[in-house]
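Data first, discussion second: the structure below is written as structure tokens.
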Amino acid sequence: MSIQILGTGSYLPENIMTNDDLAKIVDTSDEWISSRSGIRQRRISSDEMTTKMASFAAKRAVENAGISADNIDLIIVATLSADKATPNTACQVQEAIGAQNAVCFDISAACSGFVFALNTARAYIETGMANTALLIGAETLSKMMDWTDRGTCVLFGDGAGAAIVTKAEDRIYETVTGSDGSKGFALTCGERKLNNPLVQHGNELAQIYMDGQEVFRFAVTVAPKCIKETLLKAGIEKEQVRYYILHQANLRIIKSVAKRLKEPEEKFPHDVEKYGNTSSASIPILLDEMNREGRFSRHDLLVLCGFGGGLTWGSILLEW
Ligand code: COA
């Protein structure tokens, strides 16, 4: 048994922030940001929180899949920027879209989150614990940015993407995932310290810290490695892959992965120039854009690949 994607959806905040807009806030320039990252603009929420964006993306995915929300029996939201610790984002989406038959939880795996969510849904479906799952990557990273740190605030953006998956008998699916907690220091956000009658540390603002060069080296090494391992496990040649849909962190990372895999850049679609790095949302947003443009045909082989905080990584080979 395997799974298939039935439909996709996404939501991006209205508000566009260009590199020139950022240059008014921190000491940077359009030239620096676009040459280092490929990013030209990003969406920054003025009132859309993570749950709201996740719910809009979910509604669009349900419509696109042509199902009723009643049919969904599993909702997983991948996010590192949930609006609340509890209820989790998935439960709030359940309420917003009327998916009363679903079991709902969030997972935290930073920019690998959507890949991990898809694998979790597949495990639920293959073991008969679920039939139809709604997976969402949703982030308002702007609320966790240090807006005085030009090394990070220029790279990230807000948005949400979603997919509906269900069981299928005859679809290719293979995956490789991994984690390295010893390198967690390279990308961190918001330590929650002890704060009780015995120990009072107070809590810092939850802000993203990143060692950019360490993360860059990690990404360009781990992404091609886990993609190659996935294809090997599946017995599929790289030439058979229609598209490599990578986490949209940085255009230089995407081009470097293409080069290391010795595959043409045209097989690596990107929208990082428009949206920046939206963490767990970037893969489903791109998937939705491409789906709505009609760029997928039945039997197309797609590789999804996420990598980021934790450190975590994962790739999935699937058949459209
Ligand atoms: N504008 C202008 N200058 C900037 C800047 C900005 N926004 N951000 C940093 N700089 C400066 C630095 O202060 C440094 O100046 P100095 O040499 O005077 O100290 C200089 O640019 C070089 O900084 P450095 O960090 O070495 O740049 P880099 O070439 O490594 O590029 C990144 C920085 C962040 C773009 C790059 O490391 C990267 O893409 N990393 C991966 C990030 C990522 O994708 N993370 C998410 C993965 S999930």
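Residue numbering restarts at 1 in every chain; chains get A, B, ... in the order shown in the structure tokens, and ligands count up from 1 in that same order.
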
Could you list, as a list of chain:residue names, all residues that come within 6 Å of ligand 1? Count only C-alpha atoms and all ligand atoms. A:Thr28, A:Ser29, A:Trp32, A:Ile33, A:Arg36, A:Ser37, A:Cys111, A:Arg150, A:Gly151, A:Val154, A:Gly212, A:Gln213, A:Val215, A:Phe216, A:Ala249, A:Asn250, A:Phe307, A:Gly308

Print the selection's residues with C-alpha atoms to a file, as a JSON list (two decimals), in the first residue's frame.
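out23.json, written as the output of this step:
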```
[["chain", "number", "residue", "atom", "x", "y", "z"],
["A", 28, "THR", "CA", 21.60, 45.89, 4.24],
["A", 29, "SER", "CA", 20.91, 46.22, 0.52],
["A", 32, "TRP", "CA", 23.59, 41.85, -0.73],
["A", 33, "ILE", "CA", 20.40, 39.93, 0.00],
["A", 36, "ARG", "CA", 23.64, 35.81, -1.17],
["A", 37, "SER", "CA", 20.19, 34.21, -1.07],
["A", 111, "CYS", "CA", 12.23, 23.27, 7.98],
["A", 150, "ARG", "CA", 20.54, 41.64, 9.51],
["A", 151, "GLY", "CA", 22.05, 38.15, 9.24],
["A", 154, "VAL", "CA", 16.36, 39.27, 5.69],
["A", 212, "GLY", "CA", 24.52, 30.91, 8.65],
["A", 213, "GLN", "CA", 27.72, 29.35, 7.40],
["A", 215, "VAL", "CA", 23.74, 25.76, 8.27],
["A", 216, "PHE", "CA", 24.80, 26.41, 4.67],
["A", 249, "ALA", "CA", 15.90, 28.39, 2.11],
["A", 250, "ASN", "CA", 18.27, 29.97, -0.33],
["A", 307, "PHE", "CA", 16.54, 20.33, 5.99],
["A", 308, "GLY", "CA", 17.00, 22.68, 8.91]]
```

List the spatial neighbours of Met144 of chain A as a ChimeraX atom specification - criterion: any atom at most 7 Å away, only C-alpha atoms, same-chain residues fewer than 5 positions off excluded. /A:206-208

Output N, CA and C atoms of each residue in that selection to a file, as a PDB file, in the first residue's frame.
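result_14.pdb, written as the output of this step:
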```pdb
ATOM      1  N   ALA A 206      11.290  34.892  22.227  1.00  0.00           N
ATOM      2  CA  ALA A 206      11.612  33.769  21.348  1.00  0.00           C
ATOM      3  C   ALA A 206      12.125  34.308  20.016  1.00  0.00           C
ATOM      4  N   GLN A 207      13.454  34.360  19.853  1.00  0.00           N
ATOM      5  CA  GLN A 207      14.005  34.890  18.603  1.00  0.00           C
ATOM      6  C   GLN A 207      14.940  33.880  17.946  1.00  0.00           C
ATOM      7  N   ILE A 208      14.916  33.893  16.615  1.00  0.00           N
ATOM      8  CA  ILE A 208      15.733  32.935  15.865  1.00  0.00           C
ATOM      9  C   ILE A 208      17.193  33.388  15.864  1.00  0.00           C
TER      10      ILE A 208
END
```

Please return, as a count of residues only, all residues of segment 68-254 of chain A that DSSP assigns to strand (DSSP E or B) on the basis of the backbone. 50

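Residue neighbourhood of Ser282 of chain A, excluding near-sequence residues (fewer than 6 positions): Cys111, Phe114, Gly137, Ala138, Gly159, Ala160, Gly161, Leu246, His247, Gln248, Ala249, Asp271, Val272, Tyr275 and Gly276 of chain A, at 9 Å, using only C-alpha atoms.
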
Take the residues that were just selected and, keeping N, CA and C atoms, output them as a compact mmCIF listing (two decimals), in the first residue's frame.
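Listed below is the output, selection.txt:
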```
# COMPACT_ATOMS: atom_id res chain seq x y z
N CYS A 111 12.42 23.23 9.44
CA CYS A 111 12.23 23.27 7.98
C CYS A 111 12.05 21.88 7.37
N PHE A 114 7.44 19.50 7.11
CA PHE A 114 6.43 18.98 6.19
C PHE A 114 6.78 17.56 5.74
N GLY A 137 2.05 22.86 6.56
CA GLY A 137 3.23 23.55 7.09
C GLY A 137 2.84 25.00 7.19
N ALA A 138 2.94 25.59 8.37
CA ALA A 138 2.47 26.98 8.55
C ALA A 138 3.39 27.72 9.50
N GLY A 159 3.93 32.27 5.86
CA GLY A 159 3.05 31.62 4.88
C GLY A 159 2.62 30.24 5.34
N ALA A 160 1.74 29.64 4.56
CA ALA A 160 1.25 28.29 4.90
C ALA A 160 0.95 27.51 3.62
N GLY A 161 1.20 26.22 3.68
CA GLY A 161 0.87 25.33 2.56
C GLY A 161 0.27 24.05 3.11
N LEU A 246 12.73 21.25 -3.31
CA LEU A 246 13.55 21.40 -2.10
C LEU A 246 12.95 22.45 -1.17
N HIS A 247 13.27 22.32 0.11
CA HIS A 247 12.96 23.40 1.04
C HIS A 247 13.56 24.69 0.50
N GLN A 248 12.75 25.75 0.47
CA GLN A 248 13.17 27.01 -0.14
C GLN A 248 13.88 27.90 0.89
N ALA A 249 15.15 27.60 1.13
CA ALA A 249 15.90 28.39 2.11
C ALA A 249 16.71 29.47 1.41
N ASP A 271 10.61 29.30 -5.54
CA ASP A 271 9.86 30.55 -5.37
C ASP A 271 10.43 31.34 -4.19
N VAL A 272 11.66 30.95 -3.78
CA VAL A 272 12.29 31.62 -2.63
C VAL A 272 12.47 33.11 -2.90
N TYR A 275 9.07 34.59 -1.67
CA TYR A 275 8.54 34.36 -0.32
C TYR A 275 9.60 34.22 0.76
N GLY A 276 10.89 34.19 0.40
CA GLY A 276 11.94 33.94 1.40
C GLY A 276 11.80 32.53 1.95
```

Long-range neighbours of Asp47 of chain A as JSON, numbers by chain, 10 Å cut-off, only C-alpha atoms, 5 positions minimum in chain: {"A": [13, 14, 15, 52]}

Please return, as a PyMOL selection string, all residues of segment 79-222 of chain A that DSSP assigns to helix (DSSP H, G or I) on the basis of the backbone. chain A and resi 89-97+110-126+141-144+150-153+181-186+212-222

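In this structure, atom CA of Lys59 of chain A sits 9.8 Å away from atom CA of Gly98 of chain A.
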
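Non-sequential neighbours of segment 180-184 of chain A (distance at most 8 Å, separation of 3 or more positions within a chain, only C-alpha atoms) are Leu187, Thr188, Gly309, Gly310, Leu311 and Thr312 of chain A.
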
Could you name the residues that touch Glu139 of chain A at 6 Å or less, counting only C-alpha atoms, but leaving out those on the same chain fewer than 6 positions away, as a PDB file with N, CA, C and O atoms, in the first residue's frame?
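selection-v2.pdb, freshly written:
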```pdb
ATOM      1  N   THR A  50      -0.424  32.153  12.638  1.00  0.00           N
ATOM      2  CA  THR A  50      -0.156  30.825  12.082  1.00  0.00           C
ATOM      3  C   THR A  50      -1.448  30.031  11.858  1.00  0.00           C
ATOM      4  O   THR A  50      -1.658  29.438  10.795  1.00  0.00           O
ATOM      5  N   THR A  79       4.987  22.999  12.458  1.00  0.00           N
ATOM      6  CA  THR A  79       5.226  24.429  12.700  1.00  0.00           C
ATOM      7  C   THR A  79       6.220  24.617  13.835  1.00  0.00           C
ATOM      8  O   THR A  79       6.295  23.795  14.747  1.00  0.00           O
ATOM      9  N   SER A  81       6.175  27.890  14.915  1.00  0.00           N
ATOM     10  CA  SER A  81       5.664  29.193  15.331  1.00  0.00           C
ATOM     11  C   SER A  81       4.169  29.119  15.658  1.00  0.00           C
ATOM     12  O   SER A  81       3.401  30.001  15.268  1.00  0.00           O
ATOM     13  N   ASP A 158       6.636  34.671   6.048  1.00  0.00           N
ATOM     14  CA  ASP A 158       5.456  34.011   6.618  1.00  0.00           C
ATOM     15  C   ASP A 158       4.636  33.346   5.512  1.00  0.00           C
ATOM     16  O   ASP A 158       4.594  33.840   4.375  1.00  0.00           O
ATOM     17  N   GLY A 159       3.929  32.267   5.859  1.00  0.00           N
ATOM     18  CA  GLY A 159       3.049  31.624   4.880  1.00  0.00           C
ATOM     19  C   GLY A 159       2.624  30.241   5.342  1.00  0.00           C
ATOM     20  O   GLY A 159       3.080  29.750   6.387  1.00  0.00           O
TER      21      GLY A 159
END
```

Restricting to only C-alpha atoms, whichever of A:Gln100, A:Ile5, A:Leu304, A:Met210 is closest to Met145 of chain A is A:Met210

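Put simply, atom CA of Phe268 of chain A is 16.0 Å away from atom CA of Leu231 of chain A.
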
Give me the residues near Ile164 of chain A as a PyMOL selection string, where near means some atom within 8 Å (using only C-alpha atoms) and where sequence neighbours in that chain fewer than 2 positions away do not count. chain A and resi 5-8+61-62+65+132-135+162+166

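Proximity ranking of A:Ala234, A:Leu118, A:Ala69, A:Ile245 relative to Ala102 of chain A places A:Ala69 first, based on only C-alpha atoms.
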
Wanna dump the segment 165-279 of chain A-segment 121-128 of chain A contacts at 12 Å for me, each residue with its shortest atom pair and the distance in Å to one decimal, counting only C-alpha atoms, ordered by chain and number, as a tab-separated table?
```
residue	atom	partner	partner_atom	distance
A:Val165	CA	A:Ala121	CA	7.9
A:Thr166	CA	A:Ile125	CA	7.4
A:Lys167	CA	A:Ile125	CA	6.4
A:Ala168	CA	A:Ile125	CA	9.6
A:Glu169	CA	A:Glu126	CA	10.3
A:Arg171	CA	A:Arg122	CA	12.0
A:Tyr173	CA	A:Arg122	CA	9.3
A:Glu174	CA	A:Arg122	CA	10.5
A:Thr175	CA	A:Arg122	CA	10.6
```

The selected residues should be written to file as an mmCIF file, in the first residue's frame (atoms: all heavy atoms).
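As a result, result.cif now contains:
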```
data_model
loop_
_atom_site.group_PDB
_atom_site.id
_atom_site.type_symbol
_atom_site.label_atom_id
_atom_site.label_comp_id
_atom_site.auth_asym_id
_atom_site.auth_seq_id
_atom_site.Cartn_x
_atom_site.Cartn_y
_atom_site.Cartn_z
ATOM 1 N N VAL A 165 -3.714 13.881 1.617
ATOM 2 C CA VAL A 165 -3.219 12.600 1.103
ATOM 3 C C VAL A 165 -4.153 11.474 1.523
ATOM 4 O O VAL A 165 -4.801 11.539 2.582
ATOM 5 C CB VAL A 165 -1.771 12.274 1.562
ATOM 6 C CG1 VAL A 165 -0.798 13.312 1.070
ATOM 7 C CG2 VAL A 165 -1.667 12.112 3.054
ATOM 8 N N THR A 166 -4.212 10.467 0.668
ATOM 9 C CA THR A 166 -5.053 9.317 0.963
ATOM 10 C C THR A 166 -4.368 8.060 0.468
ATOM 11 O O THR A 166 -3.350 8.140 -0.216
ATOM 12 C CB THR A 166 -6.442 9.502 0.311
ATOM 13 O OG1 THR A 166 -7.322 8.506 0.810
ATOM 14 C CG2 THR A 166 -6.381 9.386 -1.194
ATOM 15 N N LYS A 167 -4.934 6.894 0.806
ATOM 16 C CA LYS A 167 -4.222 5.667 0.433
ATOM 17 C C LYS A 167 -4.370 5.364 -1.058
ATOM 18 O O LYS A 167 -5.358 5.739 -1.687
ATOM 19 C CB LYS A 167 -4.670 4.500 1.297
ATOM 20 C CG LYS A 167 -6.054 4.024 1.094
ATOM 21 C CD LYS A 167 -6.279 2.816 2.006
ATOM 22 C CE LYS A 167 -7.752 2.701 2.333
ATOM 23 N NZ LYS A 167 -8.060 2.049 3.552
ATOM 24 N N ALA A 168 -3.346 4.729 -1.579
ATOM 25 C CA ALA A 168 -3.341 4.343 -2.993
ATOM 26 C C ALA A 168 -2.607 3.028 -3.089
ATOM 27 O O ALA A 168 -1.703 2.757 -2.298
ATOM 28 C CB ALA A 168 -2.635 5.404 -3.822
ATOM 29 N N GLU A 169 -3.008 2.202 -4.027
ATOM 30 C CA GLU A 169 -2.398 0.872 -4.116
ATOM 31 C C GLU A 169 -1.072 0.897 -4.858
ATOM 32 O O GLU A 169 -0.171 0.141 -4.557
ATOM 33 C CB GLU A 169 -3.356 -0.103 -4.831
ATOM 34 C CG GLU A 169 -4.648 -0.365 -4.072
ATOM 35 C CD GLU A 169 -4.418 -0.886 -2.654
ATOM 36 O OE1 GLU A 169 -3.424 -1.592 -2.426
ATOM 37 O OE2 GLU A 169 -5.233 -0.565 -1.771
ATOM 38 N N ARG A 171 1.296 3.484 -5.961
ATOM 39 C CA ARG A 171 2.176 4.650 -6.121
ATOM 40 C C ARG A 171 3.544 4.375 -5.489
ATOM 41 O O ARG A 171 3.638 3.817 -4.389
ATOM 42 C CB ARG A 171 1.592 5.896 -5.436
ATOM 43 C CG ARG A 171 0.258 6.381 -5.950
ATOM 44 C CD ARG A 171 0.438 7.073 -7.292
ATOM 45 N NE ARG A 171 -0.527 8.134 -7.506
ATOM 46 C CZ ARG A 171 -1.785 7.959 -7.897
ATOM 47 N NH1 ARG A 171 -2.264 6.768 -8.086
ATOM 48 N NH2 ARG A 171 -2.573 8.997 -8.110
ATOM 49 N N TYR A 173 6.713 5.210 -3.359
ATOM 50 C CA TYR A 173 6.977 6.071 -2.196
ATOM 51 C C TYR A 173 8.212 5.533 -1.493
ATOM 52 O O TYR A 173 8.288 4.360 -1.154
ATOM 53 C CB TYR A 173 5.792 6.056 -1.222
ATOM 54 C CG TYR A 173 5.871 7.102 -0.130
ATOM 55 C CD1 TYR A 173 5.133 8.278 -0.198
ATOM 56 C CD2 TYR A 173 6.697 6.931 0.984
ATOM 57 C CE1 TYR A 173 5.187 9.243 0.802
ATOM 58 C CE2 TYR A 173 6.766 7.891 1.989
ATOM 59 C CZ TYR A 173 6.004 9.045 1.891
ATOM 60 O OH TYR A 173 6.070 9.994 2.886
ATOM 61 N N GLU A 174 9.207 6.379 -1.304
ATOM 62 C CA GLU A 174 10.400 5.972 -0.550
ATOM 63 C C GLU A 174 10.899 7.188 0.221
ATOM 64 O O GLU A 174 10.651 8.336 -0.168
ATOM 65 C CB GLU A 174 11.475 5.460 -1.527
ATOM 66 C CG GLU A 174 12.622 4.731 -0.864
ATOM 67 C CD GLU A 174 12.163 3.622 0.092
ATOM 68 O OE1 GLU A 174 11.861 2.507 -0.380
ATOM 69 O OE2 GLU A 174 12.092 3.904 1.307
ATOM 70 N N THR A 175 11.577 6.931 1.315
ATOM 71 C CA THR A 175 12.011 8.063 2.135
ATOM 72 C C THR A 175 13.288 7.764 2.910
ATOM 73 O O THR A 175 13.554 6.602 3.244
ATOM 74 C CB THR A 175 10.888 8.477 3.114
ATOM 75 O OG1 THR A 175 11.296 9.643 3.838
ATOM 76 C CG2 THR A 175 10.569 7.365 4.106
#
```

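Across A:Gly157, A:Pro284, A:Gly294, A:Gly178, the tightest approach to Ala78 of chain A is made by A:Pro284 when counting only C-alpha atoms.
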